[in-house]
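Peer 1: One structure, pasted below without further comment.
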Amino acid sequence: MPNSAPSPSPLDFDGLRPPSPFLTEAHVQWRSRVRDFVTREIEPNLACWETEGTFPDSVYEVAAQLGLLGVGFPTQYGGNTEDADPWYRVIFAEEMHRPGCGVVFADLATHWIGLPPVVQFGSAELQEKVTRQVLAGKRRIAFAVTEPGGGSDASALQTRAERHEDHWLLNGSKTLISGALRADVILTAVRTGGPGASGISLLLVDATSPGIERRAVPGLRWYNANNGTIEFRDVRVPLDRLVGAENRGFAGLARQFNVERLSGIAATLAMSRTAVAEAIAWAQQREAFGRRLVEHQALRHKLVDLVRAIRATYAYLDQCIWRLQRGEAVVADIAMLKVQATRTLERCARESMHVLGGHAYAGTTRVERIYREARIFALGGGTEEILDDLAARQLGLL
Ligand SMILES: Cc1cc2nc3c(=O)[nH]c(=O)nc-3n(C[C@H](O)[C@H](O)[C@H](O)COP(=O)(O)OP(=O)(O)OC[C@H]3O[C@@H](n4cnc5c(N)ncnc54)[C@H](O)[C@@H]3O)c2cc1C
């Protein structure tokens, strides 16, 4: 692992992460805590969960008991590392994706994007009923922005909440929402004002309220067990479930997207390392035309190219987090880095599949699942065009 004992191999999962001057002994210990959880609770069950199309709710509680869900949240509500720096979540996301699968993380960490506005603006009652319960793994929260009419342009969302005397009346629909089907509460971006970004608010909606219908999104394979479409038909939401100021919800969305991007970057780099480590191990022992694959120049150059891409992207990540911790605005760089990281993953997944040949489909490789999931990371937190445009604006190109 970086910054502790050197990895036995510079070409395994740990060795492929270049050493970082910013990782401390405390980070190393956190990494081994998360890795123990993943090794014990997740890895042995992945094949079975994939067949069943879901994983048990108890995983949330186990993660909470080990102090993993509360990272970055206030101690007073059951968080455990209030002053945790961004590395803690990066490391959590990396370790969760080491087995080459993003689904468990997608559900287990939805509170990273759904909960912060509740912590910041929610009443004392909500902190007890929601924040504390979610951090204890007893309740689950989803964050719903995307609609059937589109996700990239969040400022155009149409789900509407009308203010009545003692409630909001909510109508509309959301789709592709991670963790939607097992969520107890849904932080929902709604239109409470006029068109555009200045008419959007955040409502915390009880998922079992009358008028809510939830269903799986067909075709997402095992994502569909918990990822879903949510219909709101005349749903009454108490007035005090408005989270933050009315019509000021868009700024909150933008902050949450940055959190999502950073964890997406960590996830894609970890998946890249897993895929490339597997491809290298295979190329070092598989023979073709009387020589090991690595002895064929074209293949070993391909592998070097992938290692180079991973190292360069990590150098950019290290620099971004260093600047973030210095209080610099790194919105443009995180947007550009997210695009670079997802492209790195797509390349690593494709080329690692190539190196494994038919063996990739043998049912025992991680590479095949990584290849299947890679594209999804290019959507969450903003697609390439959206992020490049964001970077262009932030850089002052326009
Ligand atoms: C597994 C999974 C989990 C998800 N989880 C959540 C969740 O928890 N909560 C949530 O709210 N959403 C979630 N999403 C939805 C995700 O955020 C959206 O898919 C994403 O924002 C893109 O929106 P869209 O799919 O509607 O594509 P669209 O907005 O329809 O875009 C389609 C294509 O057009 C391009 N495009 C759009 N506008 C422009 C432009 N101005 N210039 C150039 N190109 C453009 C896009 O880049 C994209 O390539 C999830 C999606 C998946 C697949």
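By order in the structure tokens, chains are A, B, ...; within a chain, residues start at 1; ligands start at 1, following the order shown.
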Could you pull out all residues of region 57-123 of chain A with a DSSP call of alpha helix (DSSP H) and give them as a ChimeraX atom specification?
Peer 2: /A:58-65,86-97,103-108,110-114,116-121
Peer 1: Using only C-alpha atoms and all ligand atoms, what are the residues with an atom within 6 Å of ligand 1, set out as a ChimeraX atom specification?
Peer 2: /A:143-146,150-152,176-178,376,379-386
Peer 1: So that I have them on file, write out the residues from the current selection with N, CA and C atoms, as a PDB file, in the first residue's frame.
Peer 2:
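Done, and the output landed in out18.pdb:
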ATOM      1  N   PHE A 143     -31.058  10.207  -3.746  1.00  0.00           N
ATOM      2  CA  PHE A 143     -30.965  11.600  -4.191  1.00  0.00           C
ATOM      3  C   PHE A 143     -31.502  11.639  -5.618  1.00  0.00           C
ATOM      4  N   ALA A 144     -32.641  12.314  -5.821  1.00  0.00           N
ATOM      5  CA  ALA A 144     -33.343  12.207  -7.107  1.00  0.00           C
ATOM      6  C   ALA A 144     -33.348  13.541  -7.851  1.00  0.00           C
ATOM      7  N   VAL A 145     -32.600  13.582  -8.930  1.00  0.00           N
ATOM      8  CA  VAL A 145     -32.564  14.761  -9.789  1.00  0.00           C
ATOM      9  C   VAL A 145     -33.034  14.402 -11.201  1.00  0.00           C
ATOM     10  N   THR A 146     -32.463  13.343 -11.772  1.00  0.00           N
ATOM     11  CA  THR A 146     -32.723  12.984 -13.169  1.00  0.00           C
ATOM     12  C   THR A 146     -34.193  12.650 -13.406  1.00  0.00           C
ATOM     13  N   GLY A 150     -34.790  14.086 -19.041  1.00  0.00           N
ATOM     14  CA  GLY A 150     -33.373  14.427 -19.150  1.00  0.00           C
ATOM     15  C   GLY A 150     -32.701  14.640 -17.818  1.00  0.00           C
ATOM     16  N   GLY A 151     -31.377  14.396 -17.803  1.00  0.00           N
ATOM     17  CA  GLY A 151     -30.600  14.530 -16.574  1.00  0.00           C
ATOM     18  C   GLY A 151     -29.507  15.578 -16.672  1.00  0.00           C
ATOM     19  N   SER A 152     -28.968  15.771 -17.878  1.00  0.00           N
ATOM     20  CA  SER A 152     -27.823  16.687 -17.991  1.00  0.00           C
ATOM     21  C   SER A 152     -28.201  18.108 -17.623  1.00  0.00           C
ATOM     22  N   LEU A 176     -33.751   6.513 -13.033  1.00  0.00           N
ATOM     23  CA  LEU A 176     -32.346   6.086 -12.912  1.00  0.00           C
ATOM     24  C   LEU A 176     -31.772   6.399 -11.534  1.00  0.00           C
ATOM     25  N   ILE A 177     -32.613   6.460 -10.514  1.00  0.00           N
ATOM     26  CA  ILE A 177     -32.158   6.920  -9.205  1.00  0.00           C
ATOM     27  C   ILE A 177     -31.540   5.757  -8.400  1.00  0.00           C
ATOM     28  N   SER A 178     -30.276   5.912  -8.070  1.00  0.00           N
ATOM     29  CA  SER A 178     -29.568   4.866  -7.309  1.00  0.00           C
ATOM     30  C   SER A 178     -30.232   4.677  -5.950  1.00  0.00           C
ATOM     31  N   ILE A 376     -21.009   3.442 -17.340  1.00  0.00           N
ATOM     32  CA  ILE A 376     -21.906   4.100 -16.389  1.00  0.00           C
ATOM     33  C   ILE A 376     -21.198   5.254 -15.675  1.00  0.00           C
ATOM     34  N   LEU A 379     -21.475   8.721 -16.963  1.00  0.00           N
ATOM     35  CA  LEU A 379     -22.770   9.424 -16.857  1.00  0.00           C
ATOM     36  C   LEU A 379     -22.930  10.122 -15.507  1.00  0.00           C
ATOM     37  N   GLY A 380     -22.689   9.362 -14.434  1.00  0.00           N
ATOM     38  CA  GLY A 380     -22.931   9.886 -13.083  1.00  0.00           C
ATOM     39  C   GLY A 380     -22.065  11.109 -12.798  1.00  0.00           C
ATOM     40  N   GLY A 381     -22.687  12.153 -12.234  1.00  0.00           N
ATOM     41  CA  GLY A 381     -21.932  13.365 -11.909  1.00  0.00           C
ATOM     42  C   GLY A 381     -21.669  14.245 -13.109  1.00  0.00           C
ATOM     43  N   GLY A 382     -22.269  13.882 -14.253  1.00  0.00           N
ATOM     44  CA  GLY A 382     -22.120  14.723 -15.449  1.00  0.00           C
ATOM     45  C   GLY A 382     -21.384  13.999 -16.562  1.00  0.00           C
ATOM     46  N   THR A 383     -21.937  14.098 -17.769  1.00  0.00           N
ATOM     47  CA  THR A 383     -21.295  13.457 -18.928  1.00  0.00           C
ATOM     48  C   THR A 383     -20.122  14.312 -19.416  1.00  0.00           C
ATOM     49  N   GLU A 384     -19.389  13.780 -20.369  1.00  0.00           N
ATOM     50  CA  GLU A 384     -18.180  14.478 -20.842  1.00  0.00           C
ATOM     51  C   GLU A 384     -18.496  15.880 -21.363  1.00  0.00           C
ATOM     52  N   GLU A 385     -19.578  15.974 -22.153  1.00  0.00           N
ATOM     53  CA  GLU A 385     -19.885  17.290 -22.741  1.00  0.00           C
ATOM     54  C   GLU A 385     -20.236  18.295 -21.645  1.00  0.00           C
ATOM     55  N   ILE A 386     -21.002  17.820 -20.669  1.00  0.00           N
ATOM     56  CA  ILE A 386     -21.432  18.724 -19.596  1.00  0.00           C
ATOM     57  C   ILE A 386     -20.212  19.167 -18.776  1.00  0.00           C
TER      58      ILE A 386
END
Peer 1: Contacts of Gly358 (chain A) at 12 Å or less, counting only C-alpha atoms, minus same-chain residues fewer than 6 places along, as a JSON list (two decimals) with all heavy atoms, in the first residue's frame?
Peer 2:
[["chain", "number", "residue", "atom", "x", "y", "z"],
["A", 282, "TRP", "N", -2.11, -12.01, -16.34],
["A", 282, "TRP", "CA", -2.42, -12.97, -17.40],
["A", 282, "TRP", "C", -1.33, -12.95, -18.47],
["A", 282, "TRP", "O", -0.83, -14.00, -18.91],
["A", 282, "TRP", "CB", -3.78, -12.62, -18.01],
["A", 282, "TRP", "CG", -4.22, -13.51, -19.13],
["A", 282, "TRP", "CD1", -4.26, -13.21, -20.46],
["A", 282, "TRP", "CD2", -4.69, -14.87, -19.02],
["A", 282, "TRP", "NE1", -4.73, -14.27, -21.20],
["A", 282, "TRP", "CE2", -5.00, -15.31, -20.32],
["A", 282, "TRP", "CE3", -4.88, -15.75, -17.96],
["A", 282, "TRP", "CZ2", -5.48, -16.59, -20.60],
["A", 282, "TRP", "CZ3", -5.37, -17.02, -18.22],
["A", 282, "TRP", "CH2", -5.66, -17.42, -19.52],
["A", 352, "SER", "N", -7.66, -4.30, -21.44],
["A", 352, "SER", "CA", -7.47, -5.46, -20.57],
["A", 352, "SER", "C", -8.31, -6.63, -21.09],
["A", 352, "SER", "O", -7.87, -7.78, -21.07],
["A", 352, "SER", "CB", -7.85, -5.12, -19.12],
["A", 352, "SER", "OG", -7.01, -4.11, -18.63],
["A", 364, "THR", "N", -14.68, -15.99, -14.39],
["A", 364, "THR", "CA", -13.91, -15.84, -13.15],
["A", 364, "THR", "C", -13.10, -14.54, -13.15],
["A", 364, "THR", "O", -12.38, -14.27, -12.20],
["A", 364, "THR", "CB", -12.91, -17.01, -12.99],
["A", 364, "THR", "OG1", -12.17, -17.10, -14.21],
["A", 364, "THR", "CG2", -13.62, -18.30, -12.70],
["A", 365, "THR", "N", -13.21, -13.76, -14.20],
["A", 365, "THR", "CA", -12.39, -12.54, -14.27],
["A", 365, "THR", "C", -13.18, -11.33, -13.80],
["A", 365, "THR", "O", -14.40, -11.27, -13.90],
["A", 365, "THR", "CB", -11.91, -12.26, -15.71],
["A", 365, "THR", "OG1", -13.04, -11.86, -16.50],
["A", 365, "THR", "CG2", -11.25, -13.47, -16.33],
["A", 367, "VAL", "N", -12.28, -8.40, -15.05],
["A", 367, "VAL", "CA", -12.19, -7.48, -16.19],
["A", 367, "VAL", "C", -13.52, -7.39, -16.95],
["A", 367, "VAL", "O", -13.96, -6.31, -17.34],
["A", 367, "VAL", "CB", -11.06, -7.92, -17.14],
["A", 367, "VAL", "CG1", -11.09, -7.11, -18.42],
["A", 367, "VAL", "CG2", -9.71, -7.77, -16.45],
["A", 368, "GLU", "N", -14.17, -8.51, -17.09],
["A", 368, "GLU", "CA", -15.40, -8.52, -17.89],
["A", 368, "GLU", "C", -16.48, -7.65, -17.23],
["A", 368, "GLU", "O", -17.17, -6.88, -17.89],
["A", 368, "GLU", "CB", -15.88, -9.97, -18.06],
["A", 368, "GLU", "CG", -17.05, -10.13, -19.02],
["A", 368, "GLU", "CD", -18.41, -10.05, -18.32],
["A", 368, "GLU", "OE1", -18.48, -10.37, -17.11],
["A", 368, "GLU", "OE2", -19.37, -9.65, -18.98]]
Peer 1: Could you pull out the residues in region 64-305 of chain A that DSSP calls strand (DSSP E) from the backbone, as a VMD selection string?
Peer 2: chain A and resid 141 to 144 160 to 163 167 to 177 185 to 191 200 to 206 212 to 216 228 to 238 242 to 243 287 to 288 291 to 292
Peer 1: Determine the nearest neighbour of Arg311 (chain A) from the options A:Leu299, A:Val259, A:Val34, A:Leu269, counting only C-alpha atoms.
Peer 2: A:Leu269
Peer 1: Just the number, please: distance in Å from CA of Pro99 (chain A) to CA of Arg366 (chain A), one decimal.
Peer 2: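 About the pair CA of Pro99 (chain A) and CA of Arg366 (chain A): they are 7.0 Å apart.
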Peer 1: Quick one: residues within 10 Å of region 328-336 of chain A, only C-alpha atoms, excluding same-chain residues fewer than 5 positions away - as number ranges by chain?
Peer 2: A: 254-255, 257-259, 261-262, 265, 316-317, 319-323, 341, 381-384, 386-395
Peer 1: For the selection just defined, write its residues with N, CA and C atoms to a file, as a CSV table (one decimal), in the first residue's frame.
Peer 2:
chain,number,residue,atom,x,y,z
A,254,ALA,N,-25.2,21.6,-7.2
A,254,ALA,CA,-23.9,21.8,-7.7
A,254,ALA,C,-22.8,21.2,-6.8
A,255,ARG,N,-23.0,21.6,-5.4
A,255,ARG,CA,-22.1,21.1,-4.4
A,255,ARG,C,-22.1,19.6,-4.4
A,257,PHE,N,-22.8,17.5,-6.8
A,257,PHE,CA,-22.2,16.9,-8.0
A,257,PHE,C,-20.7,16.8,-7.8
A,258,ASN,N,-20.1,17.8,-7.1
A,258,ASN,CA,-18.7,17.8,-6.9
A,258,ASN,C,-18.2,16.6,-6.1
A,259,VAL,N,-19.1,16.3,-5.1
A,259,VAL,CA,-18.8,15.1,-4.2
A,259,VAL,C,-18.9,13.8,-5.1
A,261,ARG,N,-18.5,13.6,-8.2
A,261,ARG,CA,-17.4,13.5,-9.2
A,261,ARG,C,-16.1,12.9,-8.6
A,262,LEU,N,-15.8,13.4,-7.4
A,262,LEU,CA,-14.6,13.0,-6.7
A,262,LEU,C,-14.7,11.5,-6.4
A,265,ILE,N,-14.2,9.6,-9.6
A,265,ILE,CA,-12.8,9.6,-10.1
A,265,ILE,C,-12.1,8.5,-9.3
A,316,TYR,N,-2.7,13.9,-11.2
A,316,TYR,CA,-3.7,15.0,-11.3
A,316,TYR,C,-4.6,14.9,-10.1
A,317,LEU,N,-5.0,13.7,-9.8
A,317,LEU,CA,-5.9,13.6,-8.6
A,317,LEU,C,-5.2,14.1,-7.3
A,319,GLN,N,-2.9,16.2,-7.1
A,319,GLN,CA,-2.7,17.7,-7.1
A,319,GLN,C,-4.1,18.4,-6.8
A,320,CYS,N,-5.2,17.8,-7.4
A,320,CYS,CA,-6.5,18.5,-7.2
A,320,CYS,C,-6.9,18.4,-5.7
A,321,ILE,N,-6.6,17.3,-5.0
A,321,ILE,CA,-7.0,17.2,-3.6
A,321,ILE,C,-6.1,18.1,-2.8
A,322,TRP,N,-4.9,18.2,-3.1
A,322,TRP,CA,-4.0,19.1,-2.4
A,322,TRP,C,-4.5,20.5,-2.5
A,323,ARG,N,-4.9,20.9,-3.7
A,323,ARG,CA,-5.4,22.3,-3.9
A,323,ARG,C,-6.7,22.5,-3.2
A,341,ALA,N,-10.4,10.6,-16.0
A,341,ALA,CA,-10.5,9.3,-15.2
A,341,ALA,C,-11.4,8.3,-15.9
A,381,GLY,N,-22.7,12.2,-12.2
A,381,GLY,CA,-21.9,13.4,-11.9
A,381,GLY,C,-21.7,14.2,-13.1
A,382,GLY,N,-22.3,13.9,-14.3
A,382,GLY,CA,-22.1,14.7,-15.4
A,382,GLY,C,-21.4,14.0,-16.6
A,383,THR,N,-21.9,14.1,-17.8
A,383,THR,CA,-21.3,13.5,-18.9
A,383,THR,C,-20.1,14.3,-19.4
A,384,GLU,N,-19.4,13.8,-20.4
A,384,GLU,CA,-18.2,14.5,-20.8
A,384,GLU,C,-18.5,15.9,-21.4
A,386,ILE,N,-21.0,17.8,-20.7
A,386,ILE,CA,-21.4,18.7,-19.6
A,386,ILE,C,-20.2,19.2,-18.8
A,387,LEU,N,-19.3,18.2,-18.5
A,387,LEU,CA,-18.2,18.6,-17.7
A,387,LEU,C,-17.2,19.4,-18.4
A,388,ASP,N,-17.0,19.1,-19.7
A,388,ASP,CA,-16.1,20.0,-20.5
A,388,ASP,C,-16.6,21.4,-20.7
A,389,ASP,N,-17.9,21.5,-20.8
A,389,ASP,CA,-18.5,22.9,-20.8
A,389,ASP,C,-18.4,23.6,-19.5
A,390,LEU,N,-18.6,22.8,-18.4
A,390,LEU,CA,-18.4,23.4,-17.1
A,390,LEU,C,-17.0,23.9,-17.0
A,391,ALA,N,-16.0,23.1,-17.4
A,391,ALA,CA,-14.6,23.5,-17.3
A,391,ALA,C,-14.3,24.7,-18.2
A,392,ALA,N,-14.9,24.7,-19.3
A,392,ALA,CA,-14.7,25.8,-20.3
A,392,ALA,C,-15.2,27.1,-19.6
A,393,ARG,N,-16.3,27.1,-19.0
A,393,ARG,CA,-16.9,28.3,-18.3
A,393,ARG,C,-16.0,28.7,-17.2
A,394,GLN,N,-15.6,27.7,-16.3
A,394,GLN,CA,-14.8,28.0,-15.2
A,394,GLN,C,-13.4,28.6,-15.6
A,395,LEU,N,-12.9,28.1,-16.7
A,395,LEU,CA,-11.6,28.5,-17.1
A,395,LEU,C,-11.6,29.9,-17.8
Peer 1: Restricting the calculation to only C-alpha atoms: of A:Ala245, A:Ala84, A:Glu165, A:Arg139, which residue gets closest to Gly122 (chain A)?
Peer 2: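 Under the stated criterion, the closest residue is A:Ala245.
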Peer 1: Tell me which of A:Ala47, A:Ile91, A:Ala26, A:Leu11 sits closest to Ala267 (chain A), counting only C-alpha atoms.
Peer 2: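 Going through A:Ala47, A:Ile91, A:Ala26, A:Leu11 one by one, the smallest distance to Ala267 (chain A) is for A:Ile91.
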Peer 1: Extract, using only C-alpha atoms, all DNA, RNA and protein residues at most 6 Å from Ser272 (chain A), discarding same-chain residues fewer than 2 positions from it, and format them as a PyMOL selection string.
Peer 2: chain A and resi 269-270+274-275+345+348
Peer 1: Hey, what's within 10 Å of Ala315 (chain A) if we count only C-alpha atoms and toss same-chain stuff fewer than 3 positions away? As a ChimeraX atom specification, please?
Peer 2: /A:17-20,310-312,318-320
Peer 1: Would you kindly return, as a list in words, each protein, DNA or RNA residue with an atom no farther than 10 Å from any atom of region 289-293 of chain A, considering only C-alpha atoms and excluding same-chain residues fewer than 6 positions away?
Peer 2: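 The contact residues come out as Ile280, Trp282, Ala283, Leu299, Arg300, Val355 and Leu356 of chain A.
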Peer 1: State, in Å with one decimal place, the distance from CA of Met96 (chain A) to CA of Val38 (chain A).
Peer 2: 6.4 Å
Peer 1: Compare A:Ala374, A:Leu23, A:Leu66, A:Val205 by their minimum atom-to-atom distance to Gly102 (chain A), counting only C-alpha atoms, and give me the closest one.
Peer 2: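 Closest residue, counting only C-alpha atoms: A:Ala374.
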Peer 1: Could you work out how far CA of Gly114 (chain A) lies from CA of Arg31 (chain A), giving the answer in Å with one decimal?
Peer 2: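 These two atoms are separated by 23.8 Å.
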